[in-house]
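Text of run-v2.txt (compact mmCIF, C-alpha atoms and all ligand atoms) as supplied:
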# COMPACT_ATOMS: atom_id res chain seq x y z
CA MET A 1 1.28 69.85 -35.63
CA ASP A 2 3.56 70.54 -38.62
CA GLN A 3 2.33 71.33 -42.11
CA ALA A 4 2.69 67.79 -43.44
CA GLU A 5 0.72 66.42 -40.51
CA GLY A 6 -1.95 69.09 -41.04
CA LEU A 7 -2.27 68.16 -44.70
CA ARG A 8 -2.45 64.47 -43.89
CA ARG A 9 -5.33 65.07 -41.52
CA LEU A 10 -7.15 67.21 -44.07
CA GLN A 11 -6.93 64.37 -46.55
CA ARG A 12 -8.41 61.90 -44.14
CA PRO A 13 -11.97 61.00 -44.98
CA ALA A 14 -14.59 62.08 -42.50
CA THR A 15 -15.52 59.33 -40.08
CA LYS A 16 -19.02 58.78 -38.76
CA VAL A 17 -18.83 58.12 -35.04
CA ILE A 18 -21.75 56.06 -33.73
CA THR A 19 -22.17 55.11 -30.09
CA VAL A 20 -24.46 52.26 -29.04
CA ALA A 21 -25.85 52.38 -25.49
CA SER A 22 -28.92 51.08 -23.67
CA GLY A 23 -29.10 51.75 -19.99
CA LYS A 24 -30.16 48.21 -19.10
CA GLY A 25 -27.62 45.45 -19.57
CA GLY A 26 -27.99 42.42 -21.78
CA VAL A 27 -30.36 43.94 -24.33
CA GLY A 28 -28.03 43.32 -27.28
CA LYS A 29 -25.67 46.31 -27.66
CA THR A 30 -22.59 44.23 -28.37
CA ASN A 31 -24.42 42.08 -30.92
CA VAL A 32 -25.76 45.20 -32.63
CA VAL A 33 -22.28 46.73 -32.84
CA ALA A 34 -20.64 43.51 -34.03
CA ASN A 35 -23.23 42.78 -36.71
CA LEU A 36 -23.52 46.36 -37.90
CA ALA A 37 -19.73 46.52 -38.14
CA VAL A 38 -19.46 43.29 -40.14
CA ARG A 39 -22.36 44.30 -42.38
CA LEU A 40 -20.69 47.66 -43.09
CA GLY A 41 -17.46 45.75 -43.73
CA MET A 42 -19.30 43.57 -46.26
CA ALA A 43 -20.39 46.77 -48.01
CA GLY A 44 -16.74 47.76 -48.34
CA ARG A 45 -16.79 50.35 -45.57
CA ARG A 46 -13.77 50.74 -43.31
CA VAL A 47 -14.84 50.25 -39.73
CA LEU A 48 -13.19 50.43 -36.33
CA VAL A 49 -15.04 49.02 -33.34
CA PHE A 50 -14.06 50.55 -30.04
CA ASP A 51 -14.96 48.26 -27.16
CA ALA A 52 -15.85 50.93 -24.62
CA ASP A 53 -17.11 48.41 -22.10
CA LEU A 54 -13.71 48.98 -20.57
CA GLY A 55 -14.23 46.86 -17.49
CA LEU A 56 -16.02 43.89 -19.07
CA GLY A 57 -15.49 44.17 -22.79
CA ASN A 58 -16.32 41.13 -24.88
CA ILE A 59 -16.77 42.08 -28.51
CA ASP A 60 -13.57 40.15 -29.32
CA ILE A 61 -15.08 36.99 -27.79
CA LEU A 62 -18.31 37.51 -29.73
CA LEU A 63 -16.34 37.65 -32.98
CA GLY A 64 -14.01 34.78 -32.11
CA LEU A 65 -10.93 36.99 -32.06
CA ALA A 66 -8.08 36.32 -29.69
CA PRO A 67 -6.30 39.62 -29.19
CA ARG A 68 -2.91 39.50 -27.48
CA TYR A 69 -3.08 43.10 -26.36
CA ASN A 70 -5.73 45.66 -25.53
CA ILE A 71 -6.24 49.36 -24.93
CA SER A 72 -4.32 49.22 -21.65
CA HIS A 73 -1.12 48.45 -23.56
CA VAL A 74 -1.58 51.59 -25.67
CA LEU A 75 -2.17 53.66 -22.56
CA SER A 76 0.90 52.33 -20.81
CA GLY A 77 2.98 53.02 -23.90
CA GLU A 78 3.99 49.35 -24.28
CA LYS A 79 2.34 49.01 -27.69
CA THR A 80 1.25 51.29 -30.49
CA LEU A 81 -2.38 51.42 -31.47
CA GLU A 82 -1.59 49.58 -34.70
CA GLN A 83 -0.05 46.72 -32.69
CA VAL A 84 -3.12 46.41 -30.51
CA LEU A 85 -5.82 46.57 -33.17
CA VAL A 86 -7.06 43.20 -34.37
CA GLN A 87 -8.75 42.53 -37.67
CA GLY A 88 -12.11 40.80 -37.71
CA PRO A 89 -14.38 39.51 -40.49
CA HIS A 90 -14.56 41.57 -43.68
CA GLY A 91 -11.63 43.72 -42.70
CA ILE A 92 -13.18 45.43 -39.70
CA TRP A 93 -10.78 46.59 -37.00
CA VAL A 94 -11.38 46.05 -33.30
CA LEU A 95 -9.79 47.93 -30.42
CA PRO A 96 -10.22 45.45 -27.56
CA ALA A 97 -10.96 46.49 -24.00
CA SER A 98 -9.33 45.02 -20.95
CA SER A 99 -10.53 44.23 -17.51
CA GLY A 100 -7.70 46.33 -16.13
CA VAL A 101 -8.91 49.71 -17.31
CA ALA A 102 -12.09 50.25 -15.39
CA HIS A 103 -11.44 53.95 -14.92
CA MET A 104 -9.56 56.29 -17.14
CA ALA A 105 -9.47 58.84 -14.34
CA ALA A 106 -6.74 56.83 -12.68
CA LEU A 107 -4.49 57.42 -15.68
CA ASP A 108 -2.01 60.24 -15.73
CA THR A 109 -2.20 62.94 -18.38
CA GLN A 110 0.75 61.37 -20.18
CA SER A 111 -1.21 58.17 -20.83
CA GLN A 112 -4.23 60.15 -21.88
CA SER A 113 -2.34 62.24 -24.39
CA ARG A 114 -0.68 59.05 -25.62
CA LEU A 115 -4.09 57.72 -26.61
CA ILE A 116 -5.05 60.96 -28.34
CA ASP A 117 -1.77 60.95 -30.28
CA ALA A 118 -2.17 57.29 -31.16
CA VAL A 119 -5.67 57.83 -32.53
CA SER A 120 -4.74 61.03 -34.36
CA GLY A 121 -1.75 59.37 -35.93
CA LEU A 122 -3.60 56.22 -36.95
CA ASP A 123 -2.62 55.26 -40.45
CA ILE A 124 -5.87 53.47 -41.19
CA GLN A 125 -8.53 55.36 -43.10
CA LEU A 126 -11.91 54.93 -41.49
CA ASP A 127 -15.48 55.48 -42.58
CA TYR A 128 -17.00 54.44 -39.26
CA LEU A 129 -16.07 54.33 -35.61
CA LEU A 130 -18.60 52.19 -33.72
CA VAL A 131 -18.52 52.44 -29.94
CA ASP A 132 -19.93 49.61 -27.82
CA CYS A 133 -20.84 50.95 -24.38
CA ALA A 134 -21.11 49.22 -21.04
CA ALA A 135 -24.51 48.81 -19.44
CA GLY A 136 -25.74 51.53 -17.13
CA ILE A 137 -25.59 55.30 -17.29
CA SER A 138 -22.19 55.90 -15.72
CA GLY A 139 -20.24 59.07 -16.47
CA GLU A 140 -18.25 57.14 -19.04
CA VAL A 141 -21.35 55.94 -20.91
CA LEU A 142 -22.71 59.50 -20.90
CA THR A 143 -19.43 60.84 -22.24
CA PHE A 144 -19.26 58.30 -25.06
CA SER A 145 -22.88 59.05 -25.89
CA ARG A 146 -22.32 62.80 -26.00
CA ALA A 147 -19.07 62.69 -27.90
CA ALA A 148 -20.48 60.65 -30.80
CA GLN A 149 -22.13 62.13 -33.84
CA HIS A 150 -24.96 59.60 -33.61
CA LEU A 151 -26.30 57.74 -30.61
CA VAL A 152 -28.23 54.50 -31.00
CA VAL A 153 -30.23 53.43 -27.94
CA VAL A 154 -30.99 49.70 -27.94
CA LEU A 155 -33.99 48.47 -25.97
CA SER A 156 -36.06 45.35 -25.59
CA ASN A 157 -39.70 44.85 -24.77
CA GLU A 158 -39.30 44.63 -21.01
CA PRO A 159 -40.41 47.33 -18.61
CA ALA A 160 -36.92 47.71 -17.11
CA SER A 161 -35.32 48.11 -20.53
CA VAL A 162 -37.88 50.73 -21.61
CA ALA A 163 -37.45 52.57 -18.29
CA ASP A 164 -33.65 52.55 -18.57
CA ALA A 165 -33.64 53.66 -22.21
CA TYR A 166 -35.90 56.53 -21.21
CA ALA A 167 -33.66 57.36 -18.23
CA LEU A 168 -30.61 57.50 -20.51
CA ILE A 169 -32.38 59.80 -22.96
CA LYS A 170 -33.65 61.97 -20.12
CA VAL A 171 -30.22 62.46 -18.51
CA LEU A 172 -28.54 63.18 -21.83
CA SER A 173 -31.19 65.70 -22.84
CA LYS A 174 -31.68 67.44 -19.50
CA GLN A 175 -28.07 67.54 -18.37
CA TYR A 176 -26.25 67.82 -21.67
CA GLY A 177 -28.76 69.24 -24.12
CA LEU A 178 -28.69 66.26 -26.49
CA LYS A 179 -31.67 66.37 -28.82
CA ARG A 180 -31.44 63.57 -31.36
CA PHE A 181 -31.65 59.89 -30.48
CA HIS A 182 -31.90 56.83 -32.70
CA LEU A 183 -33.91 54.02 -31.16
CA LEU A 184 -33.40 50.36 -31.99
CA PRO A 185 -35.75 47.77 -30.47
CA ASN A 186 -34.10 44.36 -30.25
CA MET A 187 -35.43 40.85 -29.63
CA VAL A 188 -38.88 41.77 -30.90
CA ARG A 189 -41.40 39.37 -32.50
CA ASP A 190 -41.89 41.57 -35.54
CA ALA A 191 -41.65 45.14 -36.85
CA ARG A 192 -45.01 45.95 -35.35
CA GLU A 193 -43.77 45.17 -31.83
CA GLY A 194 -40.78 47.41 -32.54
CA ARG A 195 -43.05 50.26 -33.58
CA ALA A 196 -45.23 49.80 -30.49
CA LEU A 197 -42.16 49.97 -28.27
CA PHE A 198 -41.03 53.11 -30.03
CA ALA A 199 -44.49 54.67 -29.65
CA LYS A 200 -44.40 53.93 -25.92
CA ILE A 201 -41.17 55.86 -25.41
CA CYS A 202 -42.26 58.68 -27.74
CA GLY A 203 -45.48 59.09 -25.77
CA VAL A 204 -43.59 59.85 -22.57
CA ALA A 205 -40.72 61.76 -24.20
CA ASP A 206 -43.10 64.06 -26.08
CA ARG A 207 -44.72 65.06 -22.80
CA TYR A 208 -41.66 65.59 -20.67
CA LEU A 209 -38.59 66.07 -22.88
CA ASP A 210 -37.51 68.31 -25.72
CA VAL A 211 -36.04 65.60 -27.93
CA SER A 212 -36.42 64.12 -31.38
CA LEU A 213 -36.54 60.34 -31.50
CA ASP A 214 -36.08 58.29 -34.62
CA LEU A 215 -36.86 54.59 -35.07
CA VAL A 216 -33.94 53.07 -36.99
CA GLY A 217 -35.35 49.59 -37.43
CA ALA A 218 -36.05 46.59 -35.25
CA ILE A 219 -34.04 43.41 -34.76
CA PRO A 220 -36.16 40.28 -34.28
CA LEU A 221 -35.55 37.65 -31.65
CA ASP A 222 -33.71 35.06 -33.68
CA ALA A 223 -32.42 31.61 -32.76
CA ALA A 224 -29.79 31.99 -35.50
CA LEU A 225 -28.31 34.92 -33.59
CA ARG A 226 -28.06 32.81 -30.42
CA ALA A 227 -26.38 30.03 -32.38
CA ALA A 228 -23.97 32.57 -33.91
CA VAL A 229 -23.07 33.86 -30.42
CA ARG A 230 -22.24 30.32 -29.36
CA ALA A 231 -20.18 29.77 -32.51
CA GLN A 232 -18.42 33.11 -31.91
CA ARG A 233 -19.42 34.44 -35.30
CA ALA A 234 -21.43 37.40 -36.53
CA VAL A 235 -24.90 36.19 -37.52
CA VAL A 236 -24.79 38.38 -40.66
CA GLU A 237 -21.97 36.13 -41.79
CA SER A 238 -23.01 32.72 -40.47
CA ALA A 239 -26.71 33.01 -41.40
CA PRO A 240 -27.12 35.96 -43.77
CA GLN A 241 -30.71 35.04 -44.64
CA SER A 242 -31.92 34.80 -41.04
CA PRO A 243 -34.46 37.40 -39.85
CA ALA A 244 -31.93 39.18 -37.60
CA SER A 245 -29.39 39.36 -40.45
CA VAL A 246 -31.97 40.83 -42.80
CA ALA A 247 -32.74 43.47 -40.15
CA PHE A 248 -29.03 44.21 -39.69
CA ALA A 249 -28.67 44.66 -43.44
CA ALA A 250 -31.50 47.22 -43.37
CA LEU A 251 -29.87 48.96 -40.40
CA SER A 252 -26.55 49.10 -42.22
CA ALA A 253 -28.20 50.64 -45.30
CA ARG A 254 -29.90 53.20 -43.11
CA VAL A 255 -26.73 54.13 -41.26
CA GLN A 256 -24.92 54.62 -44.56
CA GLY A 257 -27.52 57.25 -45.42
CA TRP A 258 -26.74 59.30 -42.33
CA PRO A 259 -24.86 62.52 -43.02
CA LEU A 260 -21.10 62.76 -42.69
CA PRO A 261 -19.71 64.96 -39.96
CA GLU A 262 -19.04 68.50 -41.13
CA GLY A 263 -15.49 69.70 -41.55
CA PRO A 264 -12.34 67.83 -42.50
CA GLY A 265 -10.55 65.26 -40.42
CA GLY A 266 -13.52 63.29 -39.24
CA GLN A 267 -14.66 63.10 -35.68
CA ILE A 268 -12.39 60.55 -34.08
CA GLU A 269 -9.97 63.01 -32.51
CA PHE A 270 -12.91 65.06 -31.27
CA PHE A 271 -14.51 61.96 -29.78
CA MET A 272 -11.36 60.92 -27.94
CA ALA A 273 -10.60 64.44 -26.75
CA GLN A 274 -14.12 64.80 -25.32
CA TRP A 275 -13.79 61.55 -23.48
CA LEU A 276 -10.40 62.33 -21.97
CA GLN A 277 -11.46 65.87 -21.06
CA ALA A 278 -14.46 64.51 -19.18
CA GLU A 279 -12.27 61.98 -17.39
CA GLN A 280 -9.81 64.67 -16.41
CA SER A 281 -12.47 66.93 -14.94
CA ALA A 282 -13.97 63.95 -13.08
CA ALA A 283 -10.54 63.17 -11.65
CA SER A 284 -9.95 66.74 -10.47
CA ALA A 285 -13.45 67.18 -9.03
N1 LIG B 1 -31.94 39.55 -31.64
C1 LIG B 1 -31.61 38.59 -30.77
N2 LIG B 1 -32.15 37.34 -30.89
C2 LIG B 1 -31.83 36.37 -30.00
N3 LIG B 1 -31.01 36.54 -28.97
C3 LIG B 1 -30.46 37.75 -28.79
C4 LIG B 1 -30.72 38.84 -29.68
N4 LIG B 1 -30.02 39.91 -29.24
C5 LIG B 1 -29.34 39.52 -28.15
N5 LIG B 1 -29.61 38.23 -27.86
C6 LIG B 1 -29.10 37.43 -26.72
O1 LIG B 1 -28.79 38.31 -25.65
C7 LIG B 1 -27.46 38.09 -25.23
C8 LIG B 1 -26.87 39.40 -24.77
O2 LIG B 1 -26.55 40.19 -25.89
P1 LIG B 1 -25.36 41.27 -25.85
O3 LIG B 1 -24.17 40.72 -25.18
O4 LIG B 1 -25.20 41.81 -27.22
O5 LIG B 1 -26.03 42.36 -24.88
P2 LIG B 1 -25.36 43.67 -24.29
O6 LIG B 1 -26.41 44.71 -24.24
O7 LIG B 1 -24.11 44.00 -25.01
O8 LIG B 1 -24.99 43.18 -22.81
P3 LIG B 1 -24.09 43.98 -21.73
O9 LIG B 1 -24.96 45.05 -21.19
O10 LIG B 1 -23.75 42.93 -20.73
O11 LIG B 1 -22.90 44.53 -22.46
C9 LIG B 1 -26.77 37.46 -26.42
O12 LIG B 1 -25.71 36.66 -26.02
C10 LIG B 1 -27.83 36.66 -27.07
O13 LIG B 1 -27.92 35.39 -26.46
MG MG B 2 -22.16 44.34 -24.30
As a first step, turn the structure in this file into structure tokens.
Amino acid sequence: MDQAEGLRRLQRPATKVITVASGKGGVGKTNVVANLAVRLGMAGRRVLVFDADLGLGNIDILLGLAPRYNISHVLSGEKTLEQVLVQGPHGIWVLPASSGVAHMAALDTQSQSRLIDAVSGLDIQLDYLLVDCAAGISGEVLTFSRAAQHLVVVLSNEPASVADAYALIKVLSKQYGLKRFHLLPNMVRDAREGRALFAKICGVADRYLDVSLDLVGAIPLDAALRAAVRAQRAVVESAPQSPASVAFAALSARVQGWPLPEGPGGQIEFFMAQWLQAEQSAASA
């Protein structure tokens, strides 16, 4: 890195990196990421959404975007990151996934360093990087969860969802020493149901794990959200007064109060480097 590059990085604003995961599939991760991103965009924040559901990504579909390229084109060197990013509502940027990149481990080190360089050299200033994970607790999901500054675990009021959220927290705390988790109940009747769900997880975690859990809100089950999904729009935009949108607005305000990462340069390079490092060691194992 030459001096000019070093200075440029120092001047970059710090970026909050937030990963959204759940364990169980279909509990609303992608909707949370999309609506939080658009809500932050409405507040004038600069947001990049990374669709980390690399095999089955669909945040672009949810937002009605039609990207021509995706992350695989950056990795192959065919396109630059700027050429692949698409702009969504309120200026948010989306890095689309592809169905062709199920495993980074299959990529050579040249492609991996290409991605690092592309992200480091990105000319867009970002306040937030939001990472939408795949379902499950695969190595990739664990890596994205560990590499972020904040992890939001989405869960619904179903035994399997509660069990999987707990399993995710357990693995991350026991195997990787993660201590802080933000919990977000989704599809609840009201705030009280959200609090009850949170209390259920806390009851078990307090007994068996050394973690600190924090309830970041609760998103109600909302027909307007379903309609927005069908219309391929963010509900915060299509029905801003709906109960889910009001809850997303509260979530966005809360997230904006979270501390910035320490040190200059933000956390994006760190996030990417962690991911690729983990993939490399998985490939050589
Ligand atoms: N708050 C809500 N109110 C009503 N319906 C909801 C809500 N949240 C999610 N849904 C419904 O659940 C579906 C699945 O949501 P979403 O795709 O965001 O889940 P996911 O966790 O990302 O799934 P996957 O694990 O497959 O990635 C949505 O298409 C929508 O129909
Ligand atoms: Mg999803």
Checklist entry - Which of these residues is nearest to A:Ala231, using all atoms listed in the file: A:Leu56, A:Gln256, A:Leu62, A:Ile201? => result A:Leu62
Item to check | Environment of ligand MG 2 (chain B) within 9 Å, counting all atoms listed in the file, reported as a PyMOL selection string | outcome: chain A and resi 21+25-31+33+51+53+56-59+132-135
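The smallest atom-to-atom distance between A:Leu184 and any of A:Val154, A:Ala205, A:Ala165, A:Ala52, using all atoms listed in the file, is found for A:Val154.
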Checklist entry - Hey, what's within 10 Å of A:Ala167 if we count only C-alpha atoms and toss same-chain stuff fewer than 6 positions away? As a list in words, please? => result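 Answer for this query is Ser22, Gly23, Lys24, Gly136, Ile137, Ser161 and Ser173 of chain A.
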Keeping only C-alpha atoms, write the selected residues as a compact mmCIF listing (two decimals), keeping the file's coordinate frame.
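Writing done, so here's result30.txt:
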# COMPACT_ATOMS: atom_id res chain seq x y z
CA SER A 22 -28.92 51.08 -23.67
CA GLY A 23 -29.10 51.75 -19.99
CA LYS A 24 -30.16 48.21 -19.10
CA GLY A 136 -25.74 51.53 -17.13
CA ILE A 137 -25.59 55.30 -17.29
CA SER A 161 -35.32 48.11 -20.53
CA SER A 173 -31.19 65.70 -22.84
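The spacing separating atom CA of A:Ala250 from atom C8 of ligand LIG 1 (chain B) amounts to 20.7 Å.
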Item to check | Nearest candidate to ligand LIG 1 (chain B) (options A:Ala223, A:Ala196, A:Leu172, A:Val74; using only C-alpha atoms and all ligand atoms) | outcome: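 Nearest to ligand LIG 1 (chain B): A:Ala223.
Of note, atom CA of A:Ala224 and atom CA of A:Leu36 are spaced 15.9 Å apart.
Remark: for A:Ala247, the closest of the candidate residues A:Glu140, A:Asp164, A:Asp222, A:Asp210 is A:Asp222 (distances computed over only C-alpha atoms).
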Item to check | atom CA of A:Val38 to atom CA of A:His90, straight-line distance in Å | outcome: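 Pair atom CA of A:His90 / atom CA of A:Val38 returns 6.3 Å.
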Next on the checklist: Counting all atoms listed in the file, which residue out of A:Val20, A:Leu115, A:Ala191, A:Leu142 sits closest to ligand LIG 1 (chain B)?
Outcome noted: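 Of A:Val20, A:Leu115, A:Ala191, A:Leu142, the one nearest ligand LIG 1 (chain B), counting all atoms listed in the file, is A:Val20.
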Item to check | Residue with smallest distance to A:Ala253 - pool A:Gly217, A:Pro67, A:Gly77, A:Pro240, counting all atoms listed in the file | outcome: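 Answer, going by the shortest atom-to-atom distance: A:Gly217.
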Item to check | Distance query A:Arg68 at most 10 Å, all atoms listed in the file, self and fewer than 2 positions along chain excluded, as a list in words | outcome: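 Neighbouring residues, sequence-local ones excluded: Leu65, Ala66, Asn70, His73, Gln83, Val84, Leu85, Val86 and Pro96 of chain A.
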Item to check | Who sits within 12 Å of A:Phe248, all atoms listed in the file, same chain under 6 positions skipped, as a PyMOL selection string | outcome: chain A and resi 31-40+42+184-186+216-220+222+225+234-237+239-242+254-255
Give me the residues within 10 Å of stretch 79-81 of chain A as an mmCIF file with C-alpha atoms, keeping the file's coordinate frame, counting all atoms listed in the file and dropping any in the same chain fewer than 6 places off.
data_model
loop_
_atom_site.group_PDB
_atom_site.id
_atom_site.type_symbol
_atom_site.label_atom_id
_atom_site.label_comp_id
_atom_site.auth_asym_id
_atom_site.auth_seq_id
_atom_site.Cartn_x
_atom_site.Cartn_y
_atom_site.Cartn_z
ATOM 1 C CA TYR A 69 -3.080 43.100 -26.360
ATOM 2 C CA ASN A 70 -5.730 45.660 -25.530
ATOM 3 C CA ILE A 71 -6.240 49.360 -24.930
ATOM 4 C CA SER A 72 -4.320 49.220 -21.650
ATOM 5 C CA HIS A 73 -1.120 48.450 -23.560
ATOM 6 C CA LEU A 95 -9.790 47.930 -30.420
ATOM 7 C CA ARG A 114 -0.680 59.050 -25.620
ATOM 8 C CA LEU A 115 -4.090 57.720 -26.610
ATOM 9 C CA ASP A 117 -1.770 60.950 -30.280
ATOM 10 C CA ALA A 118 -2.170 57.290 -31.160
ATOM 11 C CA VAL A 119 -5.670 57.830 -32.530
ATOM 12 C CA GLY A 121 -1.750 59.370 -35.930
ATOM 13 C CA LEU A 122 -3.600 56.220 -36.950
ATOM 14 C CA ASP A 123 -2.620 55.260 -40.450
#
